[in-house]
Structures are given as structure tokens and as C-alpha cells.
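Pasting my_file-v9.cif here (mmCIF, C-alpha atoms):
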```cif
data_target
#
loop_
_atom_site.label_atom_id
_atom_site.label_comp_id
_atom_site.auth_asym_id
_atom_site.auth_seq_id
_atom_site.Cartn_x
_atom_site.Cartn_y
_atom_site.Cartn_z
CA MET R 29 7.26 152.20 83.32
CA ASN R 30 7.53 149.36 85.82
CA TRP R 31 6.18 149.70 89.32
CA ALA R 32 8.44 148.41 92.10
CA SER R 33 7.21 145.91 94.63
CA ARG R 34 7.70 147.20 98.17
CA GLU R 35 8.03 143.64 99.48
CA GLU R 36 10.86 142.87 97.05
CA SER R 37 12.64 146.19 97.38
CA PRO R 38 16.23 146.06 98.62
CA GLY R 39 15.30 149.02 100.82
CA CYS R 40 13.30 146.69 103.09
CA TRP R 41 15.86 146.07 105.80
CA GLY R 42 15.85 143.37 108.47
CA GLU R 43 16.95 143.25 112.04
CA GLY R 44 20.54 143.67 110.88
CA LEU R 45 19.91 147.39 110.53
CA LEU R 46 19.05 147.71 114.20
CA ARG R 47 22.17 145.77 115.16
CA LEU R 48 24.27 148.04 112.95
CA VAL R 49 22.90 151.23 114.52
CA ASP R 50 23.42 149.75 117.99
CA ARG R 51 27.05 148.94 117.17
CA LEU R 52 27.62 152.40 115.75
CA LYS R 53 26.30 153.86 118.98
CA THR R 54 28.58 151.59 121.04
CA HIS R 55 31.81 151.80 119.05
CA LEU R 56 31.51 155.31 117.57
CA PRO R 57 29.60 157.15 120.29
CA ALA R 58 30.59 160.63 119.08
CA THR R 59 29.71 160.00 115.42
CA ALA R 60 26.47 161.27 113.93
CA VAL R 61 24.68 158.87 111.56
CA HIS R 62 22.64 159.96 108.55
CA MET R 63 20.59 157.08 107.15
CA LEU R 64 18.89 157.25 103.75
CA SER R 65 15.62 155.32 103.50
CA ASN R 66 12.43 155.24 101.46
CA GLY R 67 10.62 154.98 104.82
CA TRP R 68 8.51 151.98 103.83
CA ARG R 69 9.81 149.51 106.40
CA PHE R 70 9.19 151.97 109.21
CA SER R 71 5.48 151.79 108.44
CA GLU R 72 5.72 148.68 110.62
CA GLU R 73 5.30 150.25 114.04
CA GLY R 74 7.34 147.61 115.84
CA PHE R 75 10.33 148.15 113.56
CA ALA R 76 10.25 151.91 114.09
CA GLN R 77 9.98 151.35 117.83
CA GLY R 78 13.04 149.11 117.70
CA LEU R 79 15.07 151.92 116.14
CA GLY R 80 13.71 154.42 118.63
CA ARG R 81 14.65 152.26 121.61
CA LEU R 82 18.31 152.49 120.59
CA ARG R 83 18.26 156.21 121.47
CA HIS R 84 21.11 157.11 119.13
CA TRP R 85 21.70 160.80 119.83
CA GLY R 86 23.03 161.60 116.34
CA LEU R 87 20.74 159.53 114.14
CA MET R 88 18.70 161.16 111.40
CA VAL R 89 16.73 159.31 108.72
CA GLY R 90 16.54 161.04 105.34
CA ILE R 91 13.34 160.10 103.49
CA PRO R 92 12.17 161.32 100.07
CA LEU R 93 8.79 163.06 99.88
CA TYR R 94 7.83 164.40 96.48
CA SER R 95 4.24 165.52 96.85
CA GLY R 96 1.30 165.89 99.18
CA LEU R 97 -0.71 163.94 96.59
CA PRO R 98 -0.34 160.14 96.76
CA GLU R 99 -0.54 159.59 93.01
CA GLU R 100 2.24 162.09 92.31
CA HIS R 101 4.64 160.70 94.91
CA ASP R 102 3.94 157.12 93.80
CA HIS R 103 4.58 158.06 90.17
CA VAL R 104 7.96 159.61 90.95
CA VAL R 105 9.18 156.61 92.97
CA GLN R 106 7.39 154.15 90.66
CA ALA R 107 5.73 152.14 93.43
CA ARG R 108 2.01 151.98 94.11
CA GLY R 109 1.11 152.64 97.72
CA ALA R 110 4.55 154.08 98.50
CA TYR R 111 3.09 157.41 99.66
CA ASP R 112 0.98 155.80 102.37
CA ASP R 113 3.85 153.63 103.64
CA THR R 114 6.26 156.57 103.54
CA LEU R 115 4.03 158.87 105.58
CA ARG R 116 3.17 156.09 108.01
CA GLY R 117 6.87 155.40 108.44
CA ILE R 118 7.63 159.07 109.05
CA LEU R 119 4.90 159.33 111.68
CA ASN R 120 6.09 156.17 113.41
CA LEU R 121 9.69 157.39 113.52
CA LYS R 122 8.78 160.76 114.94
CA ARG R 123 6.48 159.13 117.48
CA VAL R 124 9.46 157.26 118.95
CA GLY R 125 11.80 160.25 118.88
CA VAL R 126 13.85 159.56 115.74
CA ARG R 127 14.81 162.67 113.76
CA VAL R 128 13.57 162.79 110.17
CA GLU R 129 14.72 164.78 107.16
CA PHE R 130 12.71 165.15 103.97
CA ARG R 131 14.89 164.87 100.87
CA VAL R 132 13.34 166.32 97.72
CA VAL R 133 15.30 165.75 94.52
CA ILE R 134 14.34 168.45 92.03
CA HIS R 135 13.82 167.37 88.42
CA ALA R 136 11.31 167.63 85.60
CA LEU R 137 8.67 165.61 87.48
CA THR R 138 8.90 167.55 90.74
CA HIS R 139 9.95 171.16 90.22
CA GLU R 140 6.64 172.74 89.22
CA ARG R 141 4.82 171.73 92.40
CA LEU R 142 7.55 172.59 94.88
CA PRO R 143 5.48 175.41 96.43
CA GLU R 144 2.50 173.06 96.90
CA LEU R 145 4.74 170.49 98.58
CA ALA R 146 6.16 173.18 100.86
CA ARG R 147 2.66 174.27 101.88
CA PHE R 148 1.71 170.64 102.55
CA ILE R 149 4.71 170.25 104.84
CA ALA R 150 4.07 173.57 106.58
CA ARG R 151 0.43 172.68 107.25
CA ASN R 152 0.75 169.02 108.16
CA LEU R 153 4.33 168.00 108.94
CA LEU R 154 5.87 170.82 110.94
CA PHE R 155 7.48 168.28 113.24
CA VAL R 156 10.02 167.39 110.53
CA ASP R 157 13.58 168.17 111.59
CA HIS R 158 14.98 169.29 108.24
CA VAL R 159 14.04 169.68 104.58
CA ALA R 160 16.74 169.29 101.92
CA LEU R 161 15.84 170.51 98.43
CA MET R 162 18.37 168.80 96.20
CA GLY R 163 19.75 169.31 92.74
CA LEU R 164 19.78 166.22 90.53
CA GLU R 165 22.89 164.04 90.38
CA LEU R 166 23.11 162.55 86.90
CA MET R 167 23.95 159.00 87.92
CA GLY R 168 22.13 155.65 88.01
CA PHE R 169 18.48 155.81 86.94
CA ALA R 170 18.73 159.59 86.66
CA LYS R 171 21.38 159.16 83.95
CA THR R 172 19.34 156.46 82.20
CA ASN R 173 16.23 158.69 82.17
CA LEU R 174 18.07 161.95 81.59
CA PRO R 175 15.81 163.26 78.78
CA LYS R 176 12.76 162.82 81.02
CA LEU R 177 14.29 164.24 84.21
CA TRP R 178 16.72 167.03 83.33
CA VAL R 179 15.61 170.60 83.90
CA ASP R 180 17.92 173.60 84.05
CA PRO R 181 17.94 175.10 87.57
CA LEU R 182 17.40 178.49 85.96
CA ASP R 183 13.96 177.25 84.93
CA TYR R 184 12.84 176.36 88.44
CA ARG R 185 14.24 179.36 90.31
CA GLU R 186 10.79 180.83 91.02
CA PRO R 187 9.04 177.69 92.32
CA LEU R 188 12.15 176.92 94.38
CA ARG R 189 12.19 180.42 95.81
CA ALA R 190 8.48 180.19 96.66
CA ALA R 191 8.96 176.80 98.36
CA VAL R 192 11.90 178.02 100.46
CA ARG R 193 9.95 181.11 101.47
CA VAL R 194 6.99 179.01 102.68
CA LEU R 195 9.19 176.61 104.66
CA ASP R 196 11.33 179.34 106.17
CA ARG R 197 8.34 181.38 107.28
CA ALA R 198 6.88 178.26 108.88
CA GLY R 199 10.08 177.80 110.88
CA VAL R 200 11.17 174.63 109.07
CA SER R 201 14.95 174.12 108.88
CA THR R 202 15.62 174.18 105.13
CA SER R 203 18.73 173.68 103.01
CA LEU R 204 19.56 173.68 99.32
CA TYR R 205 21.92 170.89 98.33
CA ASN R 206 23.83 170.35 95.08
CA HIS R 207 23.29 173.86 93.74
CA PRO R 208 26.06 176.33 92.82
CA PHE R 209 25.44 179.96 93.66
CA CYS R 210 25.40 181.14 90.06
CA VAL R 211 22.19 179.33 89.13
CA LEU R 212 20.21 180.67 92.11
CA PRO R 213 18.88 184.11 93.03
CA THR R 214 20.92 185.81 95.75
CA ASP R 215 18.12 185.63 98.32
CA LEU R 216 18.47 181.83 98.28
CA HIS R 217 22.24 181.87 98.86
CA PRO R 218 21.91 181.72 102.70
CA PHE R 219 20.20 178.34 102.32
CA VAL R 220 22.90 176.78 100.10
CA ARG R 221 25.14 174.11 101.66
CA LYS R 222 28.38 172.60 100.37
CA SER R 223 26.85 169.15 100.12
CA ILE R 224 28.72 167.34 97.34
CA SER R 225 31.29 164.79 98.51
CA ASP R 226 34.80 165.99 97.72
CA TRP R 227 35.64 162.94 95.62
CA LYS R 228 32.91 163.75 93.09
CA ASN R 229 32.94 167.55 93.37
CA ILE R 230 34.24 169.64 90.45
CA TYR R 231 34.32 173.24 89.25
CA PHE R 232 34.14 174.35 85.64
CA ARG R 233 36.45 176.70 83.78
CA GLU R 234 33.90 179.48 84.26
CA CYS R 235 34.42 179.20 88.03
CA GLU R 236 38.02 180.40 87.88
CA GLY R 237 38.29 183.87 89.35
CA CYS R 238 34.75 183.79 90.80
CA SER R 239 34.64 185.65 94.11
CA LEU R 240 32.11 183.13 95.46
CA LYS R 241 34.03 179.97 94.59
CA GLU R 242 35.42 179.38 98.08
CA ALA R 243 31.94 179.22 99.60
CA CYS R 244 30.19 177.64 96.60
CA GLY R 245 29.38 173.94 96.57
CA GLY R 246 30.35 173.52 92.94
CA PHE R 247 29.08 170.67 90.76
CA PHE R 248 28.84 166.92 90.54
CA ALA R 249 31.36 165.44 88.13
CA SER R 250 28.37 164.01 86.27
CA SER R 251 27.13 167.56 85.59
CA SER R 252 29.22 167.55 82.42
CA LEU R 253 26.37 165.54 80.85
CA ARG R 254 24.04 168.54 81.21
CA ARG R 255 25.07 172.04 82.19
CA SER R 256 22.95 174.96 83.25
CA ARG R 257 23.06 177.92 80.90
CA GLY R 258 23.43 180.07 84.03
CA ILE R 259 26.96 178.99 84.93
CA ALA R 260 29.07 182.14 85.13
CA PRO R 261 31.45 183.70 87.69
CA GLY R 262 29.76 186.00 90.15
CA ARG R 263 26.34 185.67 88.49
CA PRO R 264 23.57 186.91 90.84
#
```

Reformat the file's structure so that it appears as C-alpha cells.
Amino acid sequence: MNWASREESPGCWGEGLLRLVDRLKTHLPATAVHMLSNGWRFSEEGFAQGLGRLRHWGLMVGIPLYSGLPEEHDHVVQARGAYDDTLRGILNLKRVGVRVEFRVVIHALTHERLPELARFIARNLLFVDHVALMGLELMGFAKTNLPKLWVDPLDYREPLRAAVRVLDRAGVSTSLYNHPFCVLPTDLHPFVRKSISDWKNIYFRECEGCSLKEACGGFFASSSLRRSRGIAPGRP
């Protein structure tokens, strides 16, 4: 596997990002902004301060965090030193008042240690504004590496349940994205959000007649490449 260079990464934005956020604040003052980032550039304190000075009321930065262990996080994102830059960026953003969300995509490399990650967050990063535990969308590199990444949600129900329990008890706002009800235990249903964009959201034949369909988030269109064996109407 190739390791990405943080200096060459397209995620390393310039001053144009700050101008964009400033214009969004000026021209769309009532619109919330959710920005996805690997967090690396915000390890530069001055850059994070620049974003904080804009004081955008509805800005939240979603940053992936896959482990409390540097070597595990770096392996998942395939970039040496990414863990240190990510955490430094998170701390810098929170220091200047920018809201931060942790986005954890669940796949074969991350699902087993979800409870450990939750405990790490609960012990060290309680200031985080939201944690999103996300089902895998089978597109891009995920599609290319499908045999290495795919895991049936039925097979990570228990570590997911344990992670949600830890975060919830610690008072951390927690959501489950990209998961239909039928592949999760009922005690996790209150955490499920309809998170899939409507233009790539589908339901399977099994969903017809399901009493939960109206509230269920359904599936990515790409889910036809791999389907959980738990898909069934009204399955608890």
C-alpha cells in the first residue's frame, strides 16, 4: 500500500477556503455549513485561528478519527503522521471555537475496535460536538478495495452497540449514519439518522410493506455490490 504525502494531499487547502467560508457567511447568513476535512491543515495554529475569526455560527468541521492509537489511524488513512496532525488540528479548531464532528466510517479495518475508540473519545475528547458512526459507501477507493473493507453490519452489531453505549453514557452527541433499521438491534434505532442524500438513496424489494420504511434511511445505490444478510422487513 502507498502512503500519502500530507504536503501533496489535495486536502491541504489555502487561503481560498477562508474566503469561501467568509462569503458563505455574508451571502447565505442563515445557511449552516458542514465541511469535511482530514484535519491536517488545521494543525497549523494560524490557519485554524483564521477560520475561528470568521465566527460562522453554523460551521461544523467533520474530521475522521479511526483509533486512539496512532499506528492504527495512520494505517487506515494510509499516511504516516496523520494521527498527530489530525489531533493537533482538532485541538486547534476547538480552541478557537469551531465545532468539530468525528466521522468514523465502519469497515473491516475499524469495526473491531469501535468500543476502544469510544472509550478514548470519552476519556480524552469530550469537547467534541458530535460523533457520526457511518456505514460504508461502496464508491471510490472503498469500491476498489471492497474485498479488504466490506463487513456485514450484522457482524459488527455488538462492538457498535458497545461504542454507542460508551459515548451516550459520557454525554457525547452520537448518531448512526448510513444504516437501515433492519441490520441493527432495536436499542440502537434512536441513534439512526436518515443521512443518505436522496439522489443516491434506494430501498430494496424486501423493504416493501415494512412498517419502518418511512423512518428508515434505506441504502446507498452502491449497496447492490454487497448486501447484508440481515435485510428483511420489520427485522428487529

Straight-line distance linking atom CA of Arg108 of chain R with atom CA of Ser65 of chain R, stated in Å to one decimal: 16.9 Å

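Ranking R:Glu242, R:Asp113, R:Asp157, R:Glu100 by their shortest atom-to-atom distance to Val200 of chain R, with all atoms listed in the file included, puts R:Asp157 first.
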
Selection dump of the PyMOL selection byres ((chain R and resi 126) around 10), as an MDAnalysis selection string: chainID R and resid 76:77 79:89 118:125 127:128 157

Write the residues of the selection above to a file with C-alpha atoms, as an mmCIF file, in the frame of the given file.
```cif
data_model
loop_
_atom_site.group_PDB
_atom_site.id
_atom_site.type_symbol
_atom_site.label_atom_id
_atom_site.label_comp_id
_atom_site.auth_asym_id
_atom_site.auth_seq_id
_atom_site.Cartn_x
_atom_site.Cartn_y
_atom_site.Cartn_z
ATOM 1 C CA ALA R 76 10.250 151.910 114.090
ATOM 2 C CA GLN R 77 9.980 151.350 117.830
ATOM 3 C CA LEU R 79 15.070 151.920 116.140
ATOM 4 C CA GLY R 80 13.710 154.420 118.630
ATOM 5 C CA ARG R 81 14.650 152.260 121.610
ATOM 6 C CA LEU R 82 18.310 152.490 120.590
ATOM 7 C CA ARG R 83 18.260 156.210 121.470
ATOM 8 C CA HIS R 84 21.110 157.110 119.130
ATOM 9 C CA TRP R 85 21.700 160.800 119.830
ATOM 10 C CA GLY R 86 23.030 161.600 116.340
ATOM 11 C CA LEU R 87 20.740 159.530 114.140
ATOM 12 C CA MET R 88 18.700 161.160 111.400
ATOM 13 C CA VAL R 89 16.730 159.310 108.720
ATOM 14 C CA ILE R 118 7.630 159.070 109.050
ATOM 15 C CA LEU R 119 4.900 159.330 111.680
ATOM 16 C CA ASN R 120 6.090 156.170 113.410
ATOM 17 C CA LEU R 121 9.690 157.390 113.520
ATOM 18 C CA LYS R 122 8.780 160.760 114.940
ATOM 19 C CA ARG R 123 6.480 159.130 117.480
ATOM 20 C CA VAL R 124 9.460 157.260 118.950
ATOM 21 C CA GLY R 125 11.800 160.250 118.880
ATOM 22 C CA ARG R 127 14.810 162.670 113.760
ATOM 23 C CA VAL R 128 13.570 162.790 110.170
ATOM 24 C CA ASP R 157 13.580 168.170 111.590
#
```

Find the residues of segment 97-168 of chain R that sit at most 10 Å from segment 213-223 of chain R; for each, write down the nearest two atoms and how far apart they are in Å, to one decimal. Count all atoms listed in the file. Sort by chain, then by number going up, and give it as CSV.
```
residue,atom,partner,partner_atom,distance
R:Ala160,CA,R:Arg221,CA,9.7
R:Leu161,CA,R:Val220,CA,9.6
R:Met162,CA,R:Ser223,CA,9.3
```

Picked residues, the PyMOL selection byres ((chain R and resi 136-144) around 12), expected as a PyMOL selection string: chain R and resi 92-97+100-106+132-135+145-151+161-164+170+173-195

Atom CA of Asn206 of chain R to atom CA of Arg257 of chain R, straight-line distance in Å: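 For atom CA of Arg257 of chain R relative to atom CA of Asn206 of chain R, the distance reads 16.1 Å.
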
Polymer residues at most 8 Å from Phe248 of chain R, only C-alpha atoms, same-chain spacing of 5 or more positions, as JSON, numbers by chain: {"R": [165, 206, 224, 228, 229, 230]}

The PyMOL selection byres ((chain R and resi 258) around 10) applied to the shown file, residues as a list of chain:residue names: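 Applying the expression gives R:Asp180, R:Pro181, R:Leu182, R:Asp183, R:Pro208, R:Phe209, R:Cys210, R:Val211, R:Leu212, R:Arg255, R:Ser256, R:Arg257, R:Ile259, R:Ala260, R:Pro261, R:Arg263, R:Pro264.
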
Please save C-alpha atoms of the selected residues as a compact mmCIF listing (two decimals), in the coordinates of the input.
```txt
# COMPACT_ATOMS: atom_id res chain seq x y z
CA ASP R 180 17.92 173.60 84.05
CA PRO R 181 17.94 175.10 87.57
CA LEU R 182 17.40 178.49 85.96
CA ASP R 183 13.96 177.25 84.93
CA PRO R 208 26.06 176.33 92.82
CA PHE R 209 25.44 179.96 93.66
CA CYS R 210 25.40 181.14 90.06
CA VAL R 211 22.19 179.33 89.13
CA LEU R 212 20.21 180.67 92.11
CA ARG R 255 25.07 172.04 82.19
CA SER R 256 22.95 174.96 83.25
CA ARG R 257 23.06 177.92 80.90
CA ILE R 259 26.96 178.99 84.93
CA ALA R 260 29.07 182.14 85.13
CA PRO R 261 31.45 183.70 87.69
CA ARG R 263 26.34 185.67 88.49
CA PRO R 264 23.57 186.91 90.84
```

Distance in Å - atom CA of His55 of chain R versus atom CA of Ser71 of chain R: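 If I compute the distance from atom CA of His55 of chain R to atom CA of Ser71 of chain R, I get 28.4 Å.
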
Around segment 209-225 of chain R, fit a box with edges along x, y and z, padding it by 5 Å on each side, then list its centre and edge lengths in Å to one decimal as lines of an AutoDock Vina configuration file.
```
center_x = 24.7
center_y = 175.3
center_z = 95.9
size_x = 23.2
size_y = 31.0
size_z = 23.6
```

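Candidate residues R:Cys244, R:Ile91, R:Leu56, R:Ala110 were compared for distance to His158 of chain R, and the nearest is R:Ile91, using all atoms listed in the file.
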